[in-house]
file final-v2.txt (compact mmCIF, N, CA and C atoms)
# COMPACT_ATOMS: atom_id res chain seq x y z
N MET A 269 -42.45 -41.30 -9.11
CA MET A 269 -43.87 -41.26 -8.85
C MET A 269 -44.53 -40.44 -9.97
N ILE A 270 -45.71 -40.87 -10.35
CA ILE A 270 -46.50 -40.11 -11.33
C ILE A 270 -47.80 -39.70 -10.67
N SER A 271 -48.37 -38.61 -11.14
CA SER A 271 -49.65 -38.16 -10.60
C SER A 271 -50.78 -38.66 -11.48
N VAL A 272 -51.81 -39.18 -10.84
CA VAL A 272 -53.04 -39.59 -11.50
C VAL A 272 -54.20 -39.07 -10.67
N THR A 273 -55.41 -39.14 -11.22
CA THR A 273 -56.57 -38.61 -10.55
C THR A 273 -57.59 -39.71 -10.29
N ARG A 274 -57.98 -39.85 -9.03
CA ARG A 274 -59.02 -40.82 -8.69
C ARG A 274 -60.35 -40.39 -9.30
N LEU A 275 -61.31 -41.29 -9.33
CA LEU A 275 -62.62 -40.98 -9.90
C LEU A 275 -63.33 -39.84 -9.17
N ASN A 276 -63.04 -39.68 -7.86
CA ASN A 276 -63.68 -38.60 -7.10
C ASN A 276 -62.98 -37.25 -7.29
N GLY A 277 -61.94 -37.21 -8.15
CA GLY A 277 -61.26 -35.97 -8.46
C GLY A 277 -60.04 -35.68 -7.60
N SER A 278 -59.78 -36.51 -6.61
CA SER A 278 -58.61 -36.26 -5.76
C SER A 278 -57.34 -36.80 -6.42
N PRO A 279 -56.26 -36.04 -6.29
CA PRO A 279 -54.99 -36.48 -6.89
C PRO A 279 -54.36 -37.61 -6.09
N MET A 280 -53.60 -38.43 -6.78
CA MET A 280 -52.92 -39.55 -6.15
C MET A 280 -51.56 -39.68 -6.83
N TRP A 281 -50.53 -40.00 -6.04
CA TRP A 281 -49.19 -40.24 -6.57
C TRP A 281 -48.94 -41.73 -6.58
N LEU A 282 -48.52 -42.24 -7.71
CA LEU A 282 -48.39 -43.67 -7.92
C LEU A 282 -46.95 -44.02 -8.28
N ASN A 283 -46.44 -45.08 -7.68
CA ASN A 283 -45.09 -45.55 -8.01
C ASN A 283 -45.14 -46.20 -9.40
N ALA A 284 -44.57 -45.52 -10.37
CA ALA A 284 -44.63 -45.98 -11.76
C ALA A 284 -43.93 -47.31 -11.97
N LEU A 285 -42.97 -47.64 -11.11
CA LEU A 285 -42.25 -48.90 -11.25
C LEU A 285 -43.10 -50.10 -10.83
N MET A 286 -44.21 -49.85 -10.15
CA MET A 286 -45.08 -50.92 -9.68
C MET A 286 -46.22 -51.23 -10.66
N VAL A 287 -46.32 -50.47 -11.75
CA VAL A 287 -47.42 -50.65 -12.71
C VAL A 287 -47.12 -51.86 -13.60
N GLU A 288 -48.09 -52.76 -13.66
CA GLU A 288 -47.95 -53.94 -14.51
C GLU A 288 -48.78 -53.80 -15.78
N ILE A 289 -50.04 -53.35 -15.63
CA ILE A 289 -50.95 -53.27 -16.77
C ILE A 289 -51.72 -51.95 -16.71
N VAL A 290 -51.91 -51.32 -17.88
CA VAL A 290 -52.80 -50.17 -18.01
C VAL A 290 -53.79 -50.52 -19.10
N GLU A 291 -55.08 -50.46 -18.77
CA GLU A 291 -56.10 -50.80 -19.77
C GLU A 291 -57.23 -49.80 -19.72
N GLU A 292 -57.90 -49.62 -20.86
CA GLU A 292 -59.00 -48.67 -20.98
C GLU A 292 -60.22 -49.39 -21.52
N THR A 293 -61.27 -49.48 -20.68
CA THR A 293 -62.43 -50.30 -21.07
C THR A 293 -63.77 -49.74 -20.58
N PRO A 294 -64.33 -48.64 -20.80
CA PRO A 294 -63.74 -47.38 -21.22
C PRO A 294 -63.03 -46.65 -20.08
N ASP A 295 -63.29 -47.02 -18.81
CA ASP A 295 -62.53 -46.43 -17.71
C ASP A 295 -61.09 -46.93 -17.78
N THR A 296 -60.18 -46.13 -17.25
CA THR A 296 -58.78 -46.53 -17.25
C THR A 296 -58.46 -47.26 -15.96
N TYR A 297 -58.05 -48.51 -16.08
CA TYR A 297 -57.66 -49.35 -14.95
C TYR A 297 -56.14 -49.49 -14.95
N ILE A 298 -55.56 -49.33 -13.77
CA ILE A 298 -54.13 -49.55 -13.60
C ILE A 298 -53.99 -50.74 -12.65
N THR A 299 -53.32 -51.78 -13.09
CA THR A 299 -53.06 -52.94 -12.24
C THR A 299 -51.61 -52.91 -11.82
N LEU A 300 -51.38 -53.00 -10.51
CA LEU A 300 -50.03 -53.00 -9.98
C LEU A 300 -49.49 -54.42 -9.89
N VAL A 301 -48.20 -54.56 -9.73
CA VAL A 301 -47.59 -55.88 -9.64
C VAL A 301 -48.08 -56.64 -8.40
N THR A 302 -48.64 -55.92 -7.45
CA THR A 302 -49.20 -56.56 -6.25
C THR A 302 -50.59 -57.14 -6.50
N GLY A 303 -51.19 -56.82 -7.66
CA GLY A 303 -52.52 -57.28 -7.98
C GLY A 303 -53.60 -56.24 -7.70
N LYS A 304 -53.24 -55.17 -7.00
CA LYS A 304 -54.20 -54.11 -6.70
C LYS A 304 -54.57 -53.38 -7.97
N ARG A 305 -55.89 -53.07 -8.13
CA ARG A 305 -56.36 -52.37 -9.32
C ARG A 305 -56.89 -51.00 -8.93
N LEU A 306 -56.57 -50.01 -9.73
CA LEU A 306 -57.01 -48.64 -9.49
C LEU A 306 -57.75 -48.15 -10.73
N ILE A 307 -58.75 -47.31 -10.53
CA ILE A 307 -59.46 -46.68 -11.64
C ILE A 307 -59.12 -45.19 -11.57
N VAL A 308 -58.69 -44.62 -12.70
CA VAL A 308 -58.30 -43.22 -12.74
C VAL A 308 -59.01 -42.49 -13.88
N LEU A 309 -59.03 -41.16 -13.77
CA LEU A 309 -59.71 -40.35 -14.79
C LEU A 309 -58.91 -40.20 -16.08
N GLU A 310 -57.58 -40.27 -15.99
CA GLU A 310 -56.73 -40.09 -17.17
C GLU A 310 -56.97 -41.20 -18.19
N LYS A 311 -56.74 -40.88 -19.44
CA LYS A 311 -56.78 -41.88 -20.50
C LYS A 311 -55.54 -42.78 -20.39
N ALA A 312 -55.65 -44.00 -20.87
CA ALA A 312 -54.55 -44.96 -20.80
C ALA A 312 -53.29 -44.41 -21.47
N ALA A 313 -53.44 -43.77 -22.62
CA ALA A 313 -52.29 -43.22 -23.34
C ALA A 313 -51.56 -42.18 -22.49
N ASP A 314 -52.30 -41.38 -21.74
CA ASP A 314 -51.69 -40.36 -20.88
C ASP A 314 -50.92 -41.01 -19.74
N VAL A 315 -51.48 -42.06 -19.14
CA VAL A 315 -50.81 -42.76 -18.05
C VAL A 315 -49.52 -43.41 -18.57
N ILE A 316 -49.59 -44.04 -19.72
CA ILE A 316 -48.42 -44.68 -20.31
C ILE A 316 -47.35 -43.65 -20.63
N SER A 317 -47.76 -42.49 -21.14
CA SER A 317 -46.81 -41.42 -21.43
C SER A 317 -46.12 -40.93 -20.15
N LYS A 318 -46.87 -40.80 -19.06
CA LYS A 318 -46.29 -40.39 -17.78
C LYS A 318 -45.29 -41.43 -17.28
N ILE A 319 -45.62 -42.70 -17.44
CA ILE A 319 -44.72 -43.76 -17.00
C ILE A 319 -43.43 -43.73 -17.83
N LYS A 320 -43.55 -43.57 -19.15
CA LYS A 320 -42.37 -43.50 -20.01
C LYS A 320 -41.50 -42.31 -19.64
N ASP A 321 -42.12 -41.15 -19.41
CA ASP A 321 -41.37 -39.95 -19.03
C ASP A 321 -40.64 -40.17 -17.71
N TYR A 322 -41.33 -40.78 -16.76
CA TYR A 322 -40.72 -41.05 -15.45
C TYR A 322 -39.52 -41.99 -15.59
N ASN A 323 -39.69 -43.06 -16.35
CA ASN A 323 -38.59 -44.01 -16.56
C ASN A 323 -37.39 -43.34 -17.22
N ARG A 324 -37.66 -42.47 -18.18
CA ARG A 324 -36.59 -41.73 -18.84
C ARG A 324 -35.91 -40.79 -17.85
N GLU A 325 -36.70 -40.14 -17.00
CA GLU A 325 -36.18 -39.18 -16.03
C GLU A 325 -35.24 -39.84 -15.01
N ILE A 326 -35.58 -41.05 -14.57
CA ILE A 326 -34.74 -41.71 -13.57
C ILE A 326 -33.65 -42.58 -14.19
N GLY A 327 -33.62 -42.66 -15.52
CA GLY A 327 -32.54 -43.36 -16.20
C GLY A 327 -32.76 -44.84 -16.42
N VAL A 328 -33.97 -45.32 -16.24
CA VAL A 328 -34.24 -46.75 -16.44
C VAL A 328 -34.00 -47.14 -17.89
N GLN A 329 -34.45 -46.31 -18.81
CA GLN A 329 -34.30 -46.63 -20.23
C GLN A 329 -32.82 -46.68 -20.62
N ALA A 330 -32.04 -45.70 -20.17
CA ALA A 330 -30.62 -45.67 -20.51
C ALA A 330 -29.89 -46.87 -19.93
N ALA A 331 -30.23 -47.24 -18.71
CA ALA A 331 -29.60 -48.40 -18.07
C ALA A 331 -29.93 -49.68 -18.82
N THR A 332 -31.16 -49.80 -19.27
CA THR A 332 -31.59 -50.99 -20.01
C THR A 332 -30.83 -51.08 -21.33
N ILE A 333 -30.70 -49.98 -22.02
CA ILE A 333 -29.98 -49.98 -23.30
C ILE A 333 -28.53 -50.36 -23.08
N LYS A 334 -27.90 -49.82 -22.03
CA LYS A 334 -26.49 -50.13 -21.75
C LYS A 334 -26.30 -51.61 -21.45
N VAL A 335 -27.21 -52.21 -20.68
CA VAL A 335 -27.12 -53.64 -20.36
C VAL A 335 -27.28 -54.46 -21.62
N GLN A 336 -28.23 -54.09 -22.49
CA GLN A 336 -28.43 -54.83 -23.73
C GLN A 336 -27.19 -54.77 -24.60
N GLN A 337 -26.55 -53.61 -24.69
CA GLN A 337 -25.35 -53.47 -25.50
C GLN A 337 -24.22 -54.32 -24.93
N THR A 338 -24.09 -54.37 -23.62
CA THR A 338 -23.05 -55.17 -22.97
C THR A 338 -23.28 -56.65 -23.23
N GLU A 339 -24.54 -57.08 -23.15
CA GLU A 339 -24.85 -58.50 -23.37
C GLU A 339 -24.63 -58.92 -24.82
N GLU A 340 -24.79 -58.01 -25.76
CA GLU A 340 -24.62 -58.33 -27.17
C GLU A 340 -23.15 -58.44 -27.55
N SER A 341 -22.27 -57.81 -26.77
CA SER A 341 -20.84 -57.81 -27.09
C SER A 341 -20.19 -59.13 -26.83

call {"tool": "encode", "arguments": {"input": "final-v2.txt", "output": "structure tokens"}}
result
Amino acid sequence: MISVTRLNGSPMWLNALMVEIVEETPDTYITLVTGKRLIVLEKAADVISKIKDYNREIGVQAATIKVQQTEES
């Protein structure tokens, strides 16, 4: 889970694995794989950085690299 801030200033915890799209126009919109859209105060780059950190923390990146290496062999 990553923390983001709603427009009214209240914190929200978001399942980073459910994020499909992050866009900034100029508000930051997060679209989930379910189709639900959220608007948050953080910049898109910050949200993406949090998602990358979370994926690294739970080992998604390492698992992906290991699978790719196995498939290439």

call {"tool": "residues_around", "arguments": {"input": "final-v2.txt", "residues": "segment 287-289 of chain A", "least_positions_apart": "5", "cutoff": "6 Å", "atoms": "all atoms listed in the file", "output": "list in words"}}
result
Tyr297, Ile298, Thr299, Leu300 and Val301 of chain A

call {"tool": "write_last_selection", "arguments": {"input": "final-v2.txt", "atoms": "N, CA and C atoms", "output": "compact mmCIF listing (two decimals), in the frame of the given file"}}
result
# COMPACT_ATOMS: atom_id res chain seq x y z
N TYR A 297 -58.05 -48.51 -16.08
CA TYR A 297 -57.66 -49.35 -14.95
C TYR A 297 -56.14 -49.49 -14.95
N ILE A 298 -55.56 -49.33 -13.77
CA ILE A 298 -54.13 -49.55 -13.60
C ILE A 298 -53.99 -50.74 -12.65
N THR A 299 -53.32 -51.78 -13.09
CA THR A 299 -53.06 -52.94 -12.24
C THR A 299 -51.61 -52.91 -11.82
N LEU A 300 -51.38 -53.00 -10.51
CA LEU A 300 -50.03 -53.00 -9.98
C LEU A 300 -49.49 -54.42 -9.89
N VAL A 301 -48.20 -54.56 -9.73
CA VAL A 301 -47.59 -55.88 -9.64
C VAL A 301 -48.08 -56.64 -8.40

call {"tool": "residues_around", "arguments": {"input": "final-v2.txt", "residues": "segment 304-319 of chain A", "least_positions_apart": "3", "cutoff": "7 Å", "atoms": "only N, CA and C atoms", "output": "list in words"}}
result
Ile270, Val272, Thr273, Arg274, Leu275, Ala284, Val290, Glu291, Glu292, Asp295, Thr296, Tyr297, Ile298, Thr299, Leu300, Val301, Tyr322, Asn323 and Arg324 of chain A

call {"tool": "atom_distance", "arguments": {"input": "final-v2.txt", "atom1": "atom C of Thr302 of chain A", "atom2": "atom C of Ser278 of chain A"}}
result
21.4 Å

call {"tool": "atom_distance", "arguments": {"input": "final-v2.txt", "atom1": "atom CA of Ile326 of chain A", "atom2": "atom C of Gly277 of chain A"}}
result
26.7 Å

call {"tool": "select_by_dssp", "arguments": {"input": "final-v2.txt", "residues": "segment 271-328 of chain A", "states": "strand (DSSP E)", "output": "ChimeraX atom specification"}}
result
/A:271-273,279-282,287-292,296-300,305-308

call {"tool": "atom_distance", "arguments": {"input": "final-v2.txt", "atom1": "atom CA of Asp321 of chain A", "atom2": "atom N of Leu282 of chain A"}}
result
13.6 Å

call {"tool": "select_by_dssp", "arguments": {"input": "final-v2.txt", "residues": "chain A", "states": "alpha helix (DSSP H)", "output": "list in words"}}
result
Ala312, Ala313, Asp314, Val315, Ile316, Ser317, Lys318, Ile319, Lys320, Asp321, Tyr322, Asn323, Arg324, Glu325, Ile326, Val328, Gln329, Ala330, Ala331, Thr332, Ile333, Lys334, Val335, Gln336, Gln337, Thr338, Glu339 and Glu340 of chain A
